[in-house]
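K.L.:
My structure is stored as structure_29.tsv, with TSV, C-alpha atoms (C1' of nucleotides).
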```
chain	number	residue	atom	x	y	z
A	1	MET	CA	-78.93	-114.49	22.32
A	2	THR	CA	-82.17	-113.19	23.83
A	3	TRP	CA	-85.05	-115.36	22.91
A	4	SER	CA	-88.21	-113.79	21.68
A	5	MET	CA	-91.49	-115.52	21.03
A	6	THR	CA	-92.16	-113.16	18.17
A	7	ASN	CA	-88.92	-113.97	16.38
A	8	THR	CA	-89.30	-116.21	13.42
A	9	LEU	CA	-87.97	-119.67	14.10
A	10	HIS	CA	-85.39	-121.24	11.88
A	11	HIS	CA	-86.60	-123.53	9.14
A	12	PRO	CA	-84.25	-125.21	6.67
A	13	ALA	CA	-84.66	-124.23	3.04
A	14	PRO	CA	-85.99	-127.03	0.84
A	15	GLU	CA	-82.52	-127.80	-0.55
A	16	GLU	CA	-81.22	-128.14	2.96
A	17	ILE	CA	-83.63	-130.91	3.86
A	18	THR	CA	-81.75	-134.19	3.80
A	19	LEU	CA	-83.05	-137.72	3.73
A	20	PRO	CA	-81.09	-139.18	6.67
A	21	THR	CA	-82.20	-136.31	8.89
A	22	VAL	CA	-85.81	-136.66	7.85
A	23	LEU	CA	-85.76	-140.41	8.37
A	24	ALA	CA	-84.10	-140.07	11.75
A	25	ALA	CA	-86.67	-137.49	12.78
A	26	LEU	CA	-89.53	-139.76	11.79
A	27	GLY	CA	-88.03	-142.87	13.34
A	28	ASP	CA	-89.67	-142.10	16.64
A	29	GLU	CA	-93.15	-143.05	17.75
A	30	THR	CA	-93.96	-139.67	19.24
A	31	ARG	CA	-92.88	-137.67	16.23
A	32	LEU	CA	-94.56	-140.05	13.83
A	33	ALA	CA	-97.77	-139.61	15.80
A	34	ILE	CA	-97.39	-135.84	15.64
A	35	ILE	CA	-97.10	-135.70	11.88
A	36	SER	CA	-99.86	-138.25	11.49
A	37	MET	CA	-102.21	-136.13	13.55
A	38	LEU	CA	-101.08	-133.02	11.74
A	39	ALA	CA	-101.87	-134.65	8.44
A	40	ARG	CA	-105.32	-135.73	9.55
A	41	PHE	CA	-106.55	-132.83	11.59
A	42	GLY	CA	-104.35	-130.05	10.37
A	43	GLU	CA	-106.43	-128.81	7.45
A	44	ASP	CA	-107.48	-126.04	9.81
A	45	GLU	CA	-104.14	-124.83	11.07
A	46	ARG	CA	-105.71	-122.88	13.92
A	47	ASN	CA	-106.08	-125.91	16.15
A	48	MET	CA	-102.62	-127.31	15.61
A	49	THR	CA	-100.79	-125.89	18.59
A	50	CYS	CA	-98.15	-127.67	20.60
A	51	SER	CA	-100.58	-128.34	23.42
A	52	TYR	CA	-102.85	-130.15	21.00
A	53	PHE	CA	-100.34	-132.98	21.29
A	54	LEU	CA	-100.00	-133.06	25.06
A	55	SER	CA	-101.41	-136.56	25.15
A	56	LEU	CA	-98.17	-137.69	23.53
A	57	GLY	CA	-95.82	-136.39	26.19
A	58	SER	CA	-94.90	-133.63	28.57
A	59	LYS	CA	-94.77	-130.00	27.57
A	60	THR	CA	-90.98	-130.08	27.56
A	61	ALA	CA	-90.73	-133.32	25.66
A	62	LEU	CA	-93.09	-131.97	23.02
A	63	SER	CA	-91.02	-128.84	22.68
A	64	TYR	CA	-88.04	-131.08	22.02
A	65	HIS	CA	-89.77	-133.31	19.50
A	66	ILE	CA	-91.41	-130.46	17.68
A	67	GLY	CA	-88.04	-128.76	17.46
A	68	LYS	CA	-86.61	-131.89	15.90
A	69	LEU	CA	-89.36	-132.03	13.31
A	70	ARG	CA	-88.90	-128.36	12.52
A	71	GLU	CA	-85.15	-128.56	12.20
A	72	ALA	CA	-85.47	-131.59	9.99
A	73	GLY	CA	-87.68	-129.56	7.68
A	74	ILE	CA	-90.77	-131.65	8.18
A	75	ILE	CA	-93.04	-129.11	9.81
A	76	HIS	CA	-93.42	-125.38	9.82
A	77	VAL	CA	-93.95	-123.56	13.11
A	78	ARG	CA	-95.57	-120.16	13.09
A	79	PRO	CA	-95.69	-118.14	16.31
A	80	GLU	CA	-99.11	-116.61	16.86
A	81	GLY	CA	-99.35	-114.77	20.12
A	82	THR	CA	-98.21	-117.14	22.81
A	83	LYS	CA	-99.02	-120.14	20.69
A	84	ARG	CA	-97.31	-122.03	17.91
A	85	LEU	CA	-99.25	-123.06	14.89
A	86	LEU	CA	-97.86	-126.20	13.31
A	87	SER	CA	-98.23	-127.39	9.76
A	88	LEU	CA	-96.69	-130.05	7.59
A	89	ARG	CA	-94.32	-128.83	4.88
A	90	ARG	CA	-96.11	-130.99	2.37
A	91	THR	CA	-95.04	-129.34	-0.84
A	92	ASP	CA	-91.43	-128.88	0.22
A	93	LEU	CA	-91.19	-132.53	1.14
A	94	GLU	CA	-92.92	-133.60	-2.04
A	95	THR	CA	-90.50	-131.55	-4.09
A	96	ARG	CA	-87.51	-132.94	-2.29
A	97	PHE	CA	-88.59	-136.57	-1.87
A	98	PRO	CA	-91.45	-137.31	-4.25
A	99	GLY	CA	-93.96	-139.76	-2.91
A	100	PHE	CA	-92.23	-140.14	0.39
A	101	LEU	CA	-94.57	-138.28	2.70
A	102	ALA	CA	-97.65	-139.80	1.13
A	103	SER	CA	-96.38	-143.31	1.67
A	104	ILE	CA	-95.43	-142.55	5.26
A	105	LEU	CA	-98.77	-140.99	6.08
A	106	ALA	CA	-100.71	-143.80	4.50
A	107	SER	CA	-98.78	-146.36	6.50
A	108	ALA	CA	-98.83	-144.33	9.70
A	109	GLU	CA	-102.60	-144.16	9.83
A	110	GLN	CA	-102.88	-147.60	11.32
A	111	LEU	CA	-100.46	-146.55	14.06
A	112	THR	CA	-102.61	-143.83	15.63
A	113	PRO	CA	-105.99	-145.50	15.76
A	114	GLY	CA	-107.76	-143.43	18.38
A	115	ALA	CA	-106.30	-140.15	17.37
A	116	ALA	CA	-109.74	-138.68	16.78
A	117	SER	CA	-110.56	-138.92	20.48
A	118	LEU	CA	-107.56	-137.06	21.78
A	119	SER	CA	-107.54	-133.49	22.97
A	120	SER	CA	-108.46	-130.31	21.11
A	121	GLU	CA	-112.15	-130.89	21.46
A	122	PHE	CA	-112.09	-128.28	24.19
A	123	PRO	CA	-109.30	-126.00	23.02
A	124	GLY	CA	-109.36	-123.80	26.10
A	125	GLN	CA	-108.53	-126.43	28.70
A	126	SER	CA	-105.42	-126.89	30.76
A	127	GLY	CA	-104.26	-130.08	29.23
A	128	LEU	CA	-101.39	-131.10	31.44
A	129	GLN	CA	-101.09	-134.76	32.22
A	130	SER	CA	-100.74	-136.19	35.75
B	1	MET	CA	-77.47	-170.77	22.93
B	2	THR	CA	-74.74	-172.10	20.68
B	3	TRP	CA	-74.31	-169.98	17.64
B	4	SER	CA	-73.99	-171.64	14.28
B	5	MET	CA	-73.24	-169.98	11.01
B	6	THR	CA	-75.50	-172.46	9.27
B	7	ASN	CA	-78.55	-171.65	11.35
B	8	THR	CA	-81.10	-169.52	9.65
B	9	LEU	CA	-81.10	-165.99	10.98
B	10	HIS	CA	-84.24	-164.43	12.31
B	11	HIS	CA	-86.26	-162.27	9.97
B	12	PRO	CA	-89.52	-160.64	10.96
B	13	ALA	CA	-92.60	-161.74	9.07
B	14	PRO	CA	-94.08	-159.08	6.82
B	15	GLU	CA	-96.85	-158.26	9.32
B	16	GLU	CA	-94.25	-157.76	12.00
B	17	ILE	CA	-92.45	-155.04	10.09
B	18	THR	CA	-93.37	-151.71	11.63
B	19	LEU	CA	-92.95	-148.23	10.29
B	20	PRO	CA	-91.17	-146.62	13.25
B	21	THR	CA	-88.63	-149.43	13.33
B	22	VAL	CA	-88.02	-149.21	9.60
B	23	LEU	CA	-87.64	-145.45	9.72
B	24	ALA	CA	-85.29	-145.62	12.68
B	25	ALA	CA	-83.20	-148.23	10.90
B	26	LEU	CA	-82.93	-146.06	7.81
B	27	GLY	CA	-82.26	-142.86	9.71
B	28	ASP	CA	-78.55	-143.55	9.66
B	29	GLU	CA	-76.09	-142.66	6.95
B	30	THR	CA	-74.30	-145.99	6.98
B	31	ARG	CA	-77.43	-148.07	6.75
B	32	LEU	CA	-78.94	-145.83	4.12
B	33	ALA	CA	-75.79	-146.27	2.08
B	34	ILE	CA	-76.02	-150.03	2.48
B	35	ILE	CA	-79.54	-150.30	1.15
B	36	SER	CA	-78.78	-147.83	-1.60
B	37	MET	CA	-75.86	-149.93	-2.77
B	38	LEU	CA	-77.92	-153.08	-2.40
B	39	ALA	CA	-80.60	-151.58	-4.59
B	40	ARG	CA	-78.16	-150.53	-7.26
B	41	PHE	CA	-75.71	-153.39	-7.40
B	42	GLY	CA	-77.71	-156.16	-5.83
B	43	GLU	CA	-79.42	-157.55	-8.92
B	44	ASP	CA	-76.82	-160.24	-8.74
B	45	GLU	CA	-77.07	-161.33	-5.16
B	46	ARG	CA	-73.79	-163.24	-5.29
B	47	ASN	CA	-71.66	-160.15	-4.80
B	48	MET	CA	-73.65	-158.69	-1.95
B	49	THR	CA	-71.69	-159.96	1.02
B	50	CYS	CA	-71.02	-158.05	4.21
B	51	SER	CA	-67.47	-157.35	3.19
B	52	TYR	CA	-68.72	-155.67	0.04
B	53	PHE	CA	-69.59	-152.78	2.33
B	54	LEU	CA	-66.32	-152.57	4.24
B	55	SER	CA	-65.72	-149.09	2.88
B	56	LEU	CA	-68.59	-147.96	5.07
B	57	GLY	CA	-67.15	-149.09	8.38
B	58	SER	CA	-65.33	-151.73	10.34
B	59	LYS	CA	-66.23	-155.39	10.16
B	60	THR	CA	-67.84	-155.24	13.58
B	61	ALA	CA	-69.74	-152.05	12.88
B	62	LEU	CA	-71.10	-153.55	9.68
B	63	SER	CA	-72.23	-156.64	11.50
B	64	TYR	CA	-74.12	-154.37	13.84
B	65	HIS	CA	-75.72	-152.25	11.12
B	66	ILE	CA	-76.62	-155.21	8.97
B	67	GLY	CA	-78.23	-156.82	11.99
B	68	LYS	CA	-80.31	-153.71	12.50
B	69	LEU	CA	-81.48	-153.73	8.91
B	70	ARG	CA	-82.31	-157.42	9.13
B	71	GLU	CA	-84.22	-157.14	12.38
B	72	ALA	CA	-86.15	-154.18	11.03
B	73	GLY	CA	-87.24	-156.35	8.12
B	74	ILE	CA	-85.50	-154.31	5.46
B	75	ILE	CA	-83.02	-156.84	4.20
B	76	HIS	CA	-82.75	-160.60	4.01
B	77	VAL	CA	-79.52	-162.31	4.97
B	78	ARG	CA	-78.78	-165.75	3.62
B	79	PRO	CA	-75.79	-167.64	4.94
B	80	GLU	CA	-73.82	-169.24	2.15
B	81	GLY	CA	-70.73	-170.97	3.36
B	82	THR	CA	-68.80	-168.52	5.44
B	83	LYS	CA	-70.44	-165.58	3.71
B	84	ARG	CA	-73.69	-163.75	4.03
B	85	LEU	CA	-75.64	-162.85	0.95
B	86	LEU	CA	-77.73	-159.75	1.43
B	87	SER	CA	-80.81	-158.70	-0.46
B	88	LEU	CA	-83.49	-156.08	-0.10
B	89	ARG	CA	-86.91	-157.34	0.95
B	90	ARG	CA	-88.48	-155.33	-1.83
B	91	THR	CA	-91.81	-157.06	-2.16
B	92	ASP	CA	-92.37	-157.39	1.56
B	93	LEU	CA	-91.70	-153.71	2.02
B	94	GLU	CA	-93.85	-152.79	-0.93
B	95	THR	CA	-96.71	-154.86	0.45
B	96	ARG	CA	-96.40	-153.34	3.86
B	97	PHE	CA	-95.64	-149.71	2.93
B	98	PRO	CA	-96.57	-149.13	-0.69
B	99	GLY	CA	-94.35	-146.69	-2.48
B	100	PHE	CA	-92.11	-146.17	0.47
B	101	LEU	CA	-88.97	-147.99	-0.58
B	102	ALA	CA	-89.10	-146.61	-4.09
B	103	SER	CA	-89.25	-143.03	-2.83
B	104	ILE	CA	-86.39	-143.66	-0.43
B	105	LEU	CA	-84.18	-145.25	-3.03
B	106	ALA	CA	-84.84	-142.55	-5.58
B	107	SER	CA	-83.91	-139.87	-3.07
B	108	ALA	CA	-80.96	-141.79	-1.67
B	109	GLU	CA	-79.22	-142.03	-5.01
B	110	GLN	CA	-77.87	-138.52	-4.74
B	111	LEU	CA	-76.40	-139.43	-1.37
B	112	THR	CA	-74.02	-142.15	-2.56
B	113	PRO	CA	-72.50	-140.58	-5.66
B	114	GLY	CA	-69.32	-142.58	-6.02
B	115	ALA	CA	-70.74	-145.86	-4.95
B	116	ALA	CA	-69.78	-147.47	-8.23
B	117	SER	CA	-66.11	-147.08	-7.44
B	118	LEU	CA	-66.14	-148.84	-4.11
B	119	SER	CA	-64.96	-152.35	-3.45
B	120	SER	CA	-66.17	-155.62	-4.98
B	121	GLU	CA	-64.27	-155.06	-8.15
B	122	PHE	CA	-61.75	-157.53	-6.82
B	123	PRO	CA	-63.96	-159.86	-4.83
B	124	GLY	CA	-61.14	-162.03	-3.53
B	125	GLN	CA	-59.16	-159.40	-1.68
B	126	SER	CA	-58.64	-158.96	2.00
B	127	GLY	CA	-60.61	-155.78	2.35
B	128	LEU	CA	-59.85	-154.74	5.90
B	129	GLN	CA	-59.22	-151.07	6.44
B	130	SER	CA	-56.10	-149.82	8.23
C	1	DC	C1'	-102.00	-104.65	37.24
C	2	DG	C1'	-102.06	-109.65	38.58
C	3	DA	C1'	-103.02	-114.15	37.14
C	4	DT	C1'	-102.96	-117.63	33.88
C	5	DA	C1'	-101.83	-119.99	29.63
C	6	DA	C1'	-98.42	-121.42	26.19
C	7	DG	C1'	-93.89	-122.53	25.27
C	8	DT	C1'	-88.94	-122.18	25.81
C	9	DT	C1'	-84.43	-122.83	28.01
C	10	DC	C1'	-81.02	-124.95	30.76
C	11	DA	C1'	-78.57	-128.50	33.17
C	12	DA	C1'	-78.70	-132.99	34.93
C	13	DA	C1'	-80.01	-137.66	34.61
C	14	DA	C1'	-81.55	-141.62	32.11
C	15	DA	C1'	-81.70	-144.36	28.25
C	16	DT	C1'	-80.44	-145.79	23.84
C	17	DT	C1'	-77.29	-146.39	20.14
C	18	DA	C1'	-72.91	-146.91	18.00
C	19	DT	C1'	-67.89	-148.13	17.99
C	20	DT	C1'	-63.91	-150.80	19.24
C	21	DG	C1'	-60.82	-154.64	20.01
C	22	DA	C1'	-60.10	-159.20	21.36
C	23	DA	C1'	-61.57	-163.81	21.09
C	24	DC	C1'	-64.23	-167.02	18.78
C	25	DA	C1'	-66.78	-170.18	15.15
C	26	DT	C1'	-67.27	-171.79	10.61
C	27	DT	C1'	-66.08	-172.74	6.07
C	28	DG	C1'	-63.10	-173.35	2.02
C	29	DA	C1'	-58.70	-174.15	0.14
C	30	DA	C1'	-53.79	-175.36	-0.09
D	1	DT	C1'	-54.64	-180.71	8.73
D	2	DT	C1'	-53.37	-176.20	8.87
D	3	DC	C1'	-54.32	-171.53	7.16
D	4	DA	C1'	-56.75	-167.73	5.60
D	5	DA	C1'	-61.19	-165.55	4.86
D	6	DT	C1'	-65.68	-164.23	6.55
D	7	DG	C1'	-68.47	-162.95	10.19
D	8	DT	C1'	-70.15	-163.17	14.94
D	9	DT	C1'	-70.08	-162.32	19.93
D	10	DC	C1'	-68.98	-160.04	24.13
D	11	DA	C1'	-67.79	-156.39	27.22
D	12	DA	C1'	-66.35	-151.88	27.58
D	13	DT	C1'	-66.49	-147.35	26.05
D	14	DA	C1'	-68.10	-143.44	23.60
D	15	DA	C1'	-71.55	-140.79	21.76
D	16	DT	C1'	-76.13	-139.40	21.05
D	17	DT	C1'	-80.77	-138.96	22.17
D	18	DT	C1'	-84.69	-138.41	25.44
D	19	DT	C1'	-86.72	-137.13	29.65
D	20	DT	C1'	-87.34	-134.24	33.65
D	21	DG	C1'	-88.06	-130.31	36.64
D	22	DA	C1'	-87.28	-125.71	37.71
D	23	DA	C1'	-87.03	-121.16	36.17
D	24	DC	C1'	-88.15	-118.08	32.71
D	25	DT	C1'	-90.43	-115.20	28.74
D	26	DT	C1'	-94.16	-113.60	26.37
D	27	DA	C1'	-98.85	-112.75	25.53
D	28	DT	C1'	-103.62	-112.71	26.90
D	29	DC	C1'	-107.55	-112.25	29.95
D	30	DG	C1'	-110.00	-110.39	34.08
```
Re-express the file's structure as structure tokens.

P.N.:
Amino acid sequence: MTWSMTNTLHHPAPEEITLPTVLAALGDETRLAIISMLARFGEDERNMTCSYFLSLGSKTALSYHIGKLREAGIIHVRPEGTKRLLSLRRTDLETRFPGFLASILASAEQLTPGAASLSSEFPGQSGLQS
Amino acid sequence: MTWSMTNTLHHPAPEEITLPTVLAALGDETRLAIISMLARFGEDERNMTCSYFLSLGSKTALSYHIGKLREAGIIHVRPEGTKRLLSLRRTDLETRFPGFLASILASAEQLTPGAASLSSEFPGQSGLQS
DNA sequence: CGATAAGTTCAAAAATTATTGAACATTGAA
DNA sequence: TTCAATGTTCAATAATTTTTGAACTTATCG
């Protein structure tokens, strides 16, 4: 039961990804914003750490939401040192639910208008809110 | 504040339909089953009453879930006598979130396998469970 | 080594959502 | 008009989800 940052986190296999779980995971403003930002700025995985999203909530809340997205099979989380590198499981989702992610992302764009001016422009900052 | 069965129920205008609300409404097994059945057997709107779905839950629970779907803008509910005729707001959803509903419905089919053998085969029965 | 940064875990509290049963309104039909 | 069918409403409860803060682990940087 000892937790290790170097252990690989659990990710559901593609067949284990279910529609109700995915929909429930995305039916939340914070998590929708996370995947929208991931889709837009995640080409270079190196920047997509948990703290990149600190503008969306507290450290603990993000840990919770990111866990939900991971367990739903929507994102992949790769431990790299003390960080977590996040990426969308685009091909797995496309295989499982063809066309679904694309339609979500297209429609979600208008929801996160100023996402370009969030954090990550100075990756080495202490980004805690308050 | 008097409630009348003949009053028109509230339905959001197409522009008022938002993605997080729609996703949250569909992130529930019961409601996903409802829209899946509506999509499959709803060509003829006349059969699509609330009680058609009684196999999915109690009368009161269905009222609740159908209200959620209506307020999210996913279905339209037309009072007809003492009944409610339900239909998917296909074109509104397609306008708002292109491709979304189709991908959901295609993926939801495998979730409601025996839906053909539910109720509605004897429309005039008292269909209360227990 | 000591400090800091990045995230996690846990338990408690807050908030939201879902279910139930009883009572009610409305309509259609005998 | 009385009855049965169809749904709604309300209040209470149950269940689930989210948020918070404190303590902790691990890795990295001087």

K.L.:
Which residues of segment 26-97 of chain B come within 10 Å of segment 17-26 of chain C, and for each one, what is the closest pair of atoms and their distance in Å to one decimal, counting all atoms listed in the file, sorted by chain and residue number, as CSV?

P.N.:
```
residue,atom,partner,partner_atom,distance
B:Gly57,CA,C:DT19,C1',9.7
B:Ser58,CA,C:DT19,C1',8.8
B:Thr60,CA,C:DT20,C1',8.2
B:Ala61,CA,C:DT19,C1',6.7
B:Tyr64,CA,C:DA18,C1',8.6
B:His65,CA,C:DA18,C1',9.2
B:Gly81,CA,C:DT26,C1',8.1
B:Thr82,CA,C:DT26,C1',6.3
B:Lys83,CA,C:DT26,C1',9.8
```

K.L.:
Per residue of chain D within 12 Å of chain B, note the shortest atom pair and the distance in Å to one decimal, counting only C-alpha atoms (C1' of nucleotides), and order the rows by chain and increasing residue number, as a tab-separated table.

P.N.:
```
residue	atom	partner	partner_atom	distance
D:DA4	C1'	B:Ser126	CA	9.7
D:DA5	C1'	B:Ser126	CA	7.6
D:DT6	C1'	B:Thr82	CA	5.4
D:DG7	C1'	B:Lys83	CA	7.3
D:DT8	C1'	B:Ser63	CA	7.7
D:DT9	C1'	B:Trp3	CA	9.0
D:DC10	C1'	B:Thr60	CA	11.6
```

K.L.:
Separation of atom CA of Phe41 of chain A and atom CA of Ala25 of chain A, in Å?

P.N.:
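These two atoms are separated by 20.5 Å.
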
K.L.:
Kindly give the distance, in Å, that separates atom CA of Thr21 of chain B and atom CA of Leu85 of chain A, rounded to a single decimal.

P.N.:
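These atoms are spaced 28.5 Å apart.
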
K.L.:
What does the distance from atom C1' of DA23 of chain D to atom C1' of DA3 of chain C come to in Å, to one decimal?

P.N.:
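Interatomic distance here is 17.5 Å.
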
K.L.:
Could you build a table of the residues in chain A lying no more than 8 Å from chain B, giving for each the nearest pair of atoms and their separation in Å rounded to one decimal place, using only C-alpha atoms, ordered by chain and ascending residue number, as CSV?

P.N.:
```
residue,atom,partner,partner_atom,distance
A:Leu19,CA,B:Ala108,CA,7.1
A:Pro20,CA,B:Gly27,CA,4.9
A:Thr21,CA,B:Gly27,CA,6.6
A:Val22,CA,B:Gly27,CA,7.4
A:Leu23,CA,B:Gly27,CA,4.5
A:Ala24,CA,B:Gly27,CA,3.9
A:Ala25,CA,B:Gly27,CA,7.6
A:Leu26,CA,B:Leu23,CA,6.3
A:Gly27,CA,B:Ala24,CA,3.9
A:Asp28,CA,B:Pro20,CA,5.8
A:Glu29,CA,B:Pro20,CA,6.1
A:Leu32,CA,B:Pro20,CA,7.4
A:Arg96,CA,B:Ser107,CA,7.8
A:Phe97,CA,B:Ser107,CA,5.9
A:Pro98,CA,B:Ser103,CA,6.3
A:Gly99,CA,B:Ser103,CA,5.7
A:Phe100,CA,B:Ser103,CA,5.3
A:Ser103,CA,B:Phe100,CA,5.3
A:Ile104,CA,B:Phe100,CA,6.9
A:Ala106,CA,B:Phe97,CA,7.9
A:Ser107,CA,B:Phe97,CA,5.8
A:Ala108,CA,B:Leu19,CA,7.1
```

K.L.:
Using all atoms listed in the file, pick whichever of A:Arg90, A:Glu109, A:Ile35, A:Leu54 has the shortest atom-to-atom distance to chain C.

P.N.:
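When distances to chain C are compared using all atoms listed in the file, the smallest one comes from A:Leu54.
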
K.L.:
Would you mind listing, as a PyMOL selection string, all residues of chain C that have at least one atom within 10 Å of chain A, where all atoms listed in the file are what counts?

P.N.:
chain C and resi 5-9

K.L.:
List as a list in words: which residues have an atom within 12 Å of (-79.2, -160.5, -5.4), counting only C-alpha atoms (C1' of nucleotides)?

P.N.:
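Result, sorted by chain then residue number: Met37, Leu38, Ala39, Arg40, Phe41, Gly42, Glu43, Asp44, Glu45, Arg46, Asn47, Met48, Thr49, Ile75, His76, Val77, Arg78, Arg84, Leu85, Leu86, Ser87, Leu88, Arg89 and Arg90 of chain B.
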